[in-house]
Every structure is written in C-alpha cells, then in structure tokens.
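For reference, the structure is listed below as structure tokens.
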Amino acid sequence: MTGHYSGLAAEDIAAGAYRRDGGTIAATRWRTPEGEIDLVVTFPNLVVFVEVKARRDHATAAASISPRQWSRIAAAATGWLARHPDGPQTCRFDAALIDGTGRLERIENAATFDGW
C-alpha cells in the first residue's frame with residue numbers, strides 16, 4: 001500500500017504544478033482497456049497526457065517508463081481525444097518525475113509517436 005499512497009502523493013505534486021501553470025486537471029488515473037493515463041491536463045489549445053513516476057531519484061523514475069507503457073498511454077490518449085472532440089486536439093506527452101524528497105522534474109514532450 002505504501003507504493004499506492006506514494007503514487008497518489010506524486011500525482012498531487014504534479015497536478016499542483018500544472019495548475020500553477022494555468023492548466024485544468026481534466027482527469028486523474030483515466031482508464032481504458034488500452035491503458036491508463038495518470039493525469040490529463042487541459043490548456044486552452046492543448047491537452048497534456050502525463051505519466052507520473054515516483055522513485056528515489058529522477059533518473060530511476062525516468063528509466064521506469066518503458067516504451068510499451070508509452071504505447072499504452074498513446075492508445076489511451078487516442079480514446080480520450082475521440083471521446084472529447086470539442087476539446088483541444090493538439091496534444092503532448094509529458095513525464096512528471098518525483099524524487100524521494102518530493103521534488104518534481106517535468107519533461108515536456110517526453111514521448112512522441114508517429115502520426116501525432
């Protein structure tokens with residue numbers, strides 16, 4: 001259970017940073033059969049799909065996101081965009097990395113996909 005609560009705390013830290021930048025948290029832990037997106041953040045002309053990882057350091061957190069996981073996030077993002085056709089259709093994929101002290105490192109455009 002400690003990992004579960006650590007993950008929730010990390011998502012709260014990341015969500016707070018996006019809110020401070022003017023984003024609206026549209027969804028947390030949004031699930032589809034294809035995958036899960038930790039945070040969906042909307043801005044007036046942009047939707048950001050965020051993978052949040054908490055580990056002892058930022059490098060370990062970044063390394064824990066596999067290419068397969070990014071593919072599942074992309075598939076889930078496709079579902080999000082299809083279900084929200086009136087929202088922004090320009091998107092990016094970010095990684096929000098939280099270290100053992102609770103410090104956030106945000107990597108914008110952490111993943112890109114053919115056709116996006």
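Letters A, B, ... mark the chains of the structure tokens in the order given; residue numbers begin at 1 per chain; ligand numbers begin at 1, in order shown.
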Legend entry - Filtered DSSP result for range 15-106 of chain A, state helix (DSSP H, G or I), as a list in words: Ala15, Gly16, Ala17, Tyr18, Arg19, Arg20, His58, Ala59, Thr60, Ala61, Ala62, Ala63, Pro67, Arg68, Gln69, Trp70, Ser71, Arg72, Ile73, Ala74, Ala75, Ala76, Ala77, Thr78, Gly79, Trp80, Leu81, Ala82 and Arg83 of chain A
Output file for the selection above: N, CA and C atoms, as a PDB file, in the first residue's frame:
```
ATOM      1  N   ALA A  15       0.030  17.471 -10.358  1.00  0.00           N
ATOM      2  CA  ALA A  15      -1.195  18.216 -10.670  1.00  0.00           C
ATOM      3  C   ALA A  15      -1.084  19.653 -10.193  1.00  0.00           C
ATOM      4  N   GLY A  16      -0.521  19.855  -9.013  1.00  0.00           N
ATOM      5  CA  GLY A  16      -0.343  21.213  -8.499  1.00  0.00           C
ATOM      6  C   GLY A  16       0.529  22.056  -9.402  1.00  0.00           C
ATOM      7  N   ALA A  17       1.585  21.469  -9.944  1.00  0.00           N
ATOM      8  CA  ALA A  17       2.476  22.217 -10.840  1.00  0.00           C
ATOM      9  C   ALA A  17       1.753  22.614 -12.125  1.00  0.00           C
ATOM     10  N   TYR A  18       0.975  21.704 -12.686  1.00  0.00           N
ATOM     11  CA  TYR A  18       0.227  22.032 -13.907  1.00  0.00           C
ATOM     12  C   TYR A  18      -0.836  23.101 -13.622  1.00  0.00           C
ATOM     13  N   ARG A  19      -1.482  23.009 -12.479  1.00  0.00           N
ATOM     14  CA  ARG A  19      -2.473  24.048 -12.121  1.00  0.00           C
ATOM     15  C   ARG A  19      -1.800  25.422 -11.998  1.00  0.00           C
ATOM     16  N   ARG A  20      -0.644  25.464 -11.359  1.00  0.00           N
ATOM     17  CA  ARG A  20       0.071  26.744 -11.209  1.00  0.00           C
ATOM     18  C   ARG A  20       0.432  27.337 -12.567  1.00  0.00           C
ATOM     19  N   HIS A  58      15.274  11.094  -9.910  1.00  0.00           N
ATOM     20  CA  HIS A  58      14.617  11.371 -11.191  1.00  0.00           C
ATOM     21  C   HIS A  58      15.058  10.409 -12.296  1.00  0.00           C
ATOM     22  N   ALA A  59      16.339  10.055 -12.311  1.00  0.00           N
ATOM     23  CA  ALA A  59      16.832   9.163 -13.363  1.00  0.00           C
ATOM     24  C   ALA A  59      16.166   7.788 -13.268  1.00  0.00           C
ATOM     25  N   THR A  60      16.033   7.277 -12.071  1.00  0.00           N
ATOM     26  CA  THR A  60      15.384   5.979 -11.880  1.00  0.00           C
ATOM     27  C   THR A  60      13.912   6.056 -12.276  1.00  0.00           C
ATOM     28  N   ALA A  61      13.280   7.169 -11.937  1.00  0.00           N
ATOM     29  CA  ALA A  61      11.870   7.356 -12.313  1.00  0.00           C
ATOM     30  C   ALA A  61      11.722   7.372 -13.832  1.00  0.00           C
ATOM     31  N   ALA A  62      12.586   8.104 -14.507  1.00  0.00           N
ATOM     32  CA  ALA A  62      12.512   8.189 -15.971  1.00  0.00           C
ATOM     33  C   ALA A  62      12.750   6.822 -16.611  1.00  0.00           C
ATOM     34  N   ALA A  63      13.717   6.085 -16.087  1.00  0.00           N
ATOM     35  CA  ALA A  63      14.050   4.779 -16.649  1.00  0.00           C
ATOM     36  C   ALA A  63      12.934   3.758 -16.442  1.00  0.00           C
ATOM     37  N   PRO A  67       8.974   1.686 -23.168  1.00  0.00           N
ATOM     38  CA  PRO A  67       8.341   2.003 -24.458  1.00  0.00           C
ATOM     39  C   PRO A  67       6.939   1.397 -24.569  1.00  0.00           C
ATOM     40  N   ARG A  68       6.762   0.197 -24.045  1.00  0.00           N
ATOM     41  CA  ARG A  68       5.434  -0.436 -24.073  1.00  0.00           C
ATOM     42  C   ARG A  68       4.427   0.406 -23.289  1.00  0.00           C
ATOM     43  N   GLN A  69       4.866   0.948 -22.154  1.00  0.00           N
ATOM     44  CA  GLN A  69       3.964   1.778 -21.355  1.00  0.00           C
ATOM     45  C   GLN A  69       3.587   3.042 -22.124  1.00  0.00           C
ATOM     46  N   TRP A  70       4.550   3.663 -22.804  1.00  0.00           N
ATOM     47  CA  TRP A  70       4.238   4.845 -23.605  1.00  0.00           C
ATOM     48  C   TRP A  70       3.235   4.495 -24.698  1.00  0.00           C
ATOM     49  N   SER A  71       3.375   3.320 -25.287  1.00  0.00           N
ATOM     50  CA  SER A  71       2.432   2.899 -26.333  1.00  0.00           C
ATOM     51  C   SER A  71       1.022   2.764 -25.781  1.00  0.00           C
ATOM     52  N   ARG A  72       0.904   2.212 -24.596  1.00  0.00           N
ATOM     53  CA  ARG A  72      -0.406   2.072 -23.960  1.00  0.00           C
ATOM     54  C   ARG A  72      -0.991   3.445 -23.625  1.00  0.00           C
ATOM     55  N   ILE A  73      -0.150   4.365 -23.201  1.00  0.00           N
ATOM     56  CA  ILE A  73      -0.607   5.724 -22.908  1.00  0.00           C
ATOM     57  C   ILE A  73      -1.086   6.392 -24.201  1.00  0.00           C
ATOM     58  N   ALA A  74      -0.356   6.203 -25.291  1.00  0.00           N
ATOM     59  CA  ALA A  74      -0.761   6.780 -26.581  1.00  0.00           C
ATOM     60  C   ALA A  74      -2.098   6.216 -27.023  1.00  0.00           C
ATOM     61  N   ALA A  75      -2.295   4.917 -26.845  1.00  0.00           N
ATOM     62  CA  ALA A  75      -3.576   4.305 -27.219  1.00  0.00           C
ATOM     63  C   ALA A  75      -4.709   4.867 -26.373  1.00  0.00           C
ATOM     64  N   ALA A  76      -4.462   5.029 -25.078  1.00  0.00           N
ATOM     65  CA  ALA A  76      -5.487   5.612 -24.206  1.00  0.00           C
ATOM     66  C   ALA A  76      -5.756   7.066 -24.591  1.00  0.00           C
ATOM     67  N   ALA A  77      -4.710   7.793 -24.965  1.00  0.00           N
ATOM     68  CA  ALA A  77      -4.875   9.189 -25.379  1.00  0.00           C
ATOM     69  C   ALA A  77      -5.738   9.294 -26.630  1.00  0.00           C
ATOM     70  N   THR A  78      -5.583   8.362 -27.541  1.00  0.00           N
ATOM     71  CA  THR A  78      -6.427   8.335 -28.733  1.00  0.00           C
ATOM     72  C   THR A  78      -7.891   8.214 -28.329  1.00  0.00           C
ATOM     73  N   GLY A  79      -8.154   7.360 -27.351  1.00  0.00           N
ATOM     74  CA  GLY A  79      -9.520   7.220 -26.832  1.00  0.00           C
ATOM     75  C   GLY A  79     -10.019   8.487 -26.189  1.00  0.00           C
ATOM     76  N   TRP A  80      -9.159   9.156 -25.438  1.00  0.00           N
ATOM     77  CA  TRP A  80      -9.550  10.417 -24.792  1.00  0.00           C
ATOM     78  C   TRP A  80      -9.952  11.444 -25.850  1.00  0.00           C
ATOM     79  N   LEU A  81      -9.116  11.610 -26.856  1.00  0.00           N
ATOM     80  CA  LEU A  81      -9.394  12.602 -27.894  1.00  0.00           C
ATOM     81  C   LEU A  81     -10.686  12.279 -28.629  1.00  0.00           C
ATOM     82  N   ALA A  82     -10.938  11.003 -28.889  1.00  0.00           N
ATOM     83  CA  ALA A  82     -12.166  10.603 -29.576  1.00  0.00           C
ATOM     84  C   ALA A  82     -13.406  10.888 -28.721  1.00  0.00           C
ATOM     85  N   ARG A  83     -13.288  10.750 -27.414  1.00  0.00           N
ATOM     86  CA  ARG A  83     -14.425  10.975 -26.519  1.00  0.00           C
ATOM     87  C   ARG A  83     -14.630  12.451 -26.182  1.00  0.00           C
TER      88      ARG A  83
END
```
Inset, instruction - Any chance you could list, as a count of residues only, the residues in range 5-115 of chain A that come up strand (DSSP E or B) when DSSP is run on the backbone? - result: 41
Inset, instruction - Write out as a PyMOL selection string each polymer residue whose atoms come within 9 Å of Leu104 in chain A, counting only C-alpha atoms; drop sequence neighbours fewer than 5 positions from it. - result: chain A and resi 10+13-14+17+58+96-99
Could those residues be written to a file, using N, CA and C atoms, as an mmCIF file, in the first residue's frame?
```cif
data_model
loop_
_atom_site.group_PDB
_atom_site.id
_atom_site.type_symbol
_atom_site.label_atom_id
_atom_site.label_comp_id
_atom_site.auth_asym_id
_atom_site.auth_seq_id
_atom_site.Cartn_x
_atom_site.Cartn_y
_atom_site.Cartn_z
ATOM 1 N N ALA A 10 2.509 11.673 -5.443
ATOM 2 C CA ALA A 10 3.256 12.156 -6.607
ATOM 3 C C ALA A 10 2.312 12.799 -7.621
ATOM 4 N N ILE A 13 1.427 16.242 -6.435
ATOM 5 C CA ILE A 13 2.525 17.195 -6.662
ATOM 6 C C ILE A 13 2.522 17.649 -8.130
ATOM 7 N N ALA A 14 2.421 16.686 -9.037
ATOM 8 C CA ALA A 14 2.428 17.023 -10.468
ATOM 9 C C ALA A 14 1.205 17.855 -10.839
ATOM 10 N N ALA A 17 1.585 21.469 -9.944
ATOM 11 C CA ALA A 17 2.476 22.217 -10.840
ATOM 12 C C ALA A 17 1.753 22.614 -12.125
ATOM 13 N N HIS A 58 15.274 11.094 -9.910
ATOM 14 C CA HIS A 58 14.617 11.371 -11.191
ATOM 15 C C HIS A 58 15.058 10.409 -12.296
ATOM 16 N N ALA A 96 6.212 13.329 -15.527
ATOM 17 C CA ALA A 96 6.385 14.080 -14.285
ATOM 18 C C ALA A 96 7.098 13.143 -13.314
ATOM 19 N N LEU A 97 8.344 13.460 -13.010
ATOM 20 C CA LEU A 97 9.201 12.596 -12.200
ATOM 21 C C LEU A 97 9.351 13.195 -10.808
ATOM 22 N N ILE A 98 9.042 12.402 -9.802
ATOM 23 C CA ILE A 98 9.104 12.864 -8.417
ATOM 24 C C ILE A 98 10.184 12.058 -7.712
ATOM 25 N N ASP A 99 11.142 12.750 -7.091
ATOM 26 C CA ASP A 99 12.196 12.025 -6.375
ATOM 27 C C ASP A 99 11.802 11.779 -4.918
#
```
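With only C-alpha atoms as the atoms that count, the residue of A:Ala111, A:Arg55, A:His84, A:Phe93 with the shortest distance to Ile37 in chain A is A:Phe93.
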